[in-house]
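A short write-up of the structure that comes next.
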Amino acid sequence: MKKLRIETWQRGDCTLGILTYGDFKCFTLELPWKDNEKNVSCIPRVSGYVGEKHESPSNGSVIAINNVLNRTYIQIHSANFLRQLKGCIAVGDSIKFLDGDSLPDVTNSKNTLKALLEVLPDKFTIEIT
């Protein structure tokens with residue numbers, strides 16, 4: 001079974017990454033590491049998260065990331081700006097500075113998430129390094 005992999009690098013103000021699943025590639029954006037605190041931190045780097053397609057009441061079609069230590073409702077969903085995240089992961093087709101706040105953003109998030117959901121099975125494993 002193929003794994004969804006996210007290779008991350010930490011900055012003081014955010015966490016950026018490259019997500020791959022087979023031939024599919026995109027960029028990710030998360031909050032900075034703050035000891036896995038709810039709503040203000042990215043999630044820990046771990047191999048073995050369980051991901052599954054999910055319909056979120058607030059975010060629509062998303063990827064739910066299950067079994068995150070001391071965290072619930074973690075998703076990969078569409079968002080362009082860091083301020084739209086509360087511990088989840090945004091995907092996009094590039095990293096740019098869009099809104100003048102000096103924080104990196106991801107572009108074309110809705111279409112990137114839609115394309116990712118099309119290539120994923122209903123349930124899979126996730127590795128974050």
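Identifiers for the structure tokens are assigned positionally: chains receive A, B, ... in sequence, residues are indexed from 1 per chain, and ligands are indexed from 1 in the order shown.
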- Within 9 Å of region 33-38 of chain A using only C-alpha atoms, minus same-chain residues under 5 positions, as a list in words: Gln10, Arg11, Gly12, Asp13, Cys14, Thr15, Ile43, Pro44, Leu69, Asn70, Arg71, Thr72, Lys86 and Gly87 of chain A
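For Ser56 (chain A), the set of protein, DNA and RNA residues having any atom at most 12 Å away, when counting only C-alpha atoms and skipping those fewer than 5 positions along the same chain, is Ser61, Val62, Ile63, Ala64, Tyr73, Ile74, Gln75, Ile76, His77 and Ser78 of chain A.
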Can you write just those residues out, N, CA and C atoms, as a PDB file, in the first residue's frame?
ATOM      1  N   SER A  61     -15.174  18.392   1.793  1.00  0.00           N
ATOM      2  CA  SER A  61     -14.370  17.190   1.553  1.00  0.00           C
ATOM      3  C   SER A  61     -12.948  17.436   2.021  1.00  0.00           C
ATOM      4  N   VAL A  62     -12.484  16.591   2.939  1.00  0.00           N
ATOM      5  CA  VAL A  62     -11.162  16.749   3.543  1.00  0.00           C
ATOM      6  C   VAL A  62     -10.524  15.379   3.730  1.00  0.00           C
ATOM      7  N   ILE A  63      -9.317  15.392   4.240  1.00  0.00           N
ATOM      8  CA  ILE A  63      -8.647  14.186   4.698  1.00  0.00           C
ATOM      9  C   ILE A  63      -8.564  14.283   6.213  1.00  0.00           C
ATOM     10  N   ALA A  64      -9.183  13.345   6.900  1.00  0.00           N
ATOM     11  CA  ALA A  64      -9.091  13.286   8.356  1.00  0.00           C
ATOM     12  C   ALA A  64      -7.810  12.544   8.712  1.00  0.00           C
ATOM     13  N   TYR A  73      -9.792  15.927  15.499  1.00  0.00           N
ATOM     14  CA  TYR A  73     -10.303  16.712  14.368  1.00  0.00           C
ATOM     15  C   TYR A  73      -9.192  17.347  13.528  1.00  0.00           C
ATOM     16  N   ILE A  74      -8.088  16.649  13.370  1.00  0.00           N
ATOM     17  CA  ILE A  74      -6.999  17.147  12.531  1.00  0.00           C
ATOM     18  C   ILE A  74      -7.302  16.763  11.090  1.00  0.00           C
ATOM     19  N   GLN A  75      -7.171  17.736  10.186  1.00  0.00           N
ATOM     20  CA  GLN A  75      -7.524  17.523   8.790  1.00  0.00           C
ATOM     21  C   GLN A  75      -6.459  18.086   7.861  1.00  0.00           C
ATOM     22  N   ILE A  76      -6.442  17.558   6.664  1.00  0.00           N
ATOM     23  CA  ILE A  76      -5.817  18.222   5.531  1.00  0.00           C
ATOM     24  C   ILE A  76      -6.984  18.842   4.787  1.00  0.00           C
ATOM     25  N   HIS A  77      -7.013  20.166   4.728  1.00  0.00           N
ATOM     26  CA  HIS A  77      -8.138  20.854   4.080  1.00  0.00           C
ATOM     27  C   HIS A  77      -7.629  22.045   3.287  1.00  0.00           C
ATOM     28  N   SER A  78      -8.502  22.666   2.541  1.00  0.00           N
ATOM     29  CA  SER A  78      -8.091  23.827   1.757  1.00  0.00           C
ATOM     30  C   SER A  78      -7.979  25.048   2.665  1.00  0.00           C
TER      31      SER A  78
END
- What separation in Å, quoted to one decimal, exists between CA of Ala90 (chain A) and CA of Glu30 (chain A)?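 Distance reported for this atom pair: 6.6 Å.
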- Hey, which of A:Gly48, A:Gly17, A:Pro121, A:Pro32 ends up closest to Asp93 (chain A)? Count only C-alpha atoms.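 Residue with the minimum atom-to-atom distance to Asp93 (chain A): A:Gly17.
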- Item | Spatial neighbours of Leu29 (chain A), max dist 9 Å, only C-alpha atoms, sep filter under 5 positions, as a PyMOL selection string | chain A and resi 14-17+79-82+85+88-92+95+104-106
- Query: Please, which residues of chain A, numbered as in this document, come out helix (DSSP H, G or I) from DSSP, as number ranges by chain?
  - Reply: A: 82-84, 109-119
Let me see the file: selected residues, N, CA, C and O atoms, as an mmCIF file, in the first residue's frame.
data_model
loop_
_atom_site.group_PDB
_atom_site.id
_atom_site.type_symbol
_atom_site.label_atom_id
_atom_site.label_comp_id
_atom_site.auth_asym_id
_atom_site.auth_seq_id
_atom_site.Cartn_x
_atom_site.Cartn_y
_atom_site.Cartn_z
ATOM 1 N N LEU A 82 -1.961 31.001 6.776
ATOM 2 C CA LEU A 82 -1.690 30.394 8.071
ATOM 3 C C LEU A 82 -2.798 30.707 9.078
ATOM 4 O O LEU A 82 -3.172 29.866 9.886
ATOM 5 N N ARG A 83 -3.355 31.902 9.021
ATOM 6 C CA ARG A 83 -4.411 32.309 9.965
ATOM 7 C C ARG A 83 -5.693 31.480 9.812
ATOM 8 O O ARG A 83 -6.555 31.527 10.670
ATOM 9 N N GLN A 84 -5.815 30.709 8.730
ATOM 10 C CA GLN A 84 -6.974 29.851 8.517
ATOM 11 C C GLN A 84 -6.796 28.469 9.140
ATOM 12 O O GLN A 84 -7.684 27.638 9.036
ATOM 13 N N SER A 109 -5.409 26.279 -3.327
ATOM 14 C CA SER A 109 -5.622 25.224 -2.343
ATOM 15 C C SER A 109 -6.837 24.347 -2.647
ATOM 16 O O SER A 109 -6.764 23.124 -2.526
ATOM 17 N N LYS A 110 -7.953 24.939 -3.017
ATOM 18 C CA LYS A 110 -9.165 24.130 -3.269
ATOM 19 C C LYS A 110 -8.941 23.138 -4.394
ATOM 20 O O LYS A 110 -9.302 21.967 -4.279
ATOM 21 N N ASN A 111 -8.351 23.594 -5.492
ATOM 22 C CA ASN A 111 -8.107 22.686 -6.622
ATOM 23 C C ASN A 111 -7.044 21.645 -6.302
ATOM 24 O O ASN A 111 -7.128 20.503 -6.756
ATOM 25 N N THR A 112 -6.048 22.030 -5.508
ATOM 26 C CA THR A 112 -5.011 21.074 -5.112
ATOM 27 C C THR A 112 -5.606 19.973 -4.243
ATOM 28 O O THR A 112 -5.324 18.787 -4.440
ATOM 29 N N LEU A 113 -6.450 20.359 -3.273
ATOM 30 C CA LEU A 113 -7.092 19.358 -2.422
ATOM 31 C C LEU A 113 -7.995 18.443 -3.241
ATOM 32 O O LEU A 113 -7.987 17.224 -3.062
ATOM 33 N N LYS A 114 -8.743 19.014 -4.163
ATOM 34 C CA LYS A 114 -9.630 18.208 -5.019
ATOM 35 C C LYS A 114 -8.818 17.180 -5.817
ATOM 36 O O LYS A 114 -9.181 16.004 -5.880
ATOM 37 N N ALA A 115 -7.698 17.597 -6.390
ATOM 38 C CA ALA A 115 -6.847 16.679 -7.159
ATOM 39 C C ALA A 115 -6.263 15.600 -6.256
ATOM 40 O O ALA A 115 -6.179 14.426 -6.649
ATOM 41 N N LEU A 116 -5.863 15.963 -5.040
ATOM 42 C CA LEU A 116 -5.327 14.981 -4.097
ATOM 43 C C LEU A 116 -6.389 13.953 -3.727
ATOM 44 O O LEU A 116 -6.130 12.745 -3.723
ATOM 45 N N LEU A 117 -7.584 14.412 -3.419
ATOM 46 C CA LEU A 117 -8.661 13.487 -3.051
ATOM 47 C C LEU A 117 -8.981 12.506 -4.182
ATOM 48 O O LEU A 117 -9.356 11.363 -3.927
ATOM 49 N N GLU A 118 -8.807 12.941 -5.425
ATOM 50 C CA GLU A 118 -9.089 12.067 -6.574
ATOM 51 C C GLU A 118 -8.110 10.906 -6.687
ATOM 52 O O GLU A 118 -8.462 9.851 -7.203
ATOM 53 N N VAL A 119 -6.866 11.083 -6.216
ATOM 54 C CA VAL A 119 -5.872 10.009 -6.365
ATOM 55 C C VAL A 119 -5.773 9.103 -5.139
ATOM 56 O O VAL A 119 -5.168 8.037 -5.212
#
- Message: Using only C-alpha atoms for the distances, tell me which of A:Ile18, A:Cys42, A:Leu98, A:Val50 is nearest to Phe124 (chain A).
- Response: A:Val50
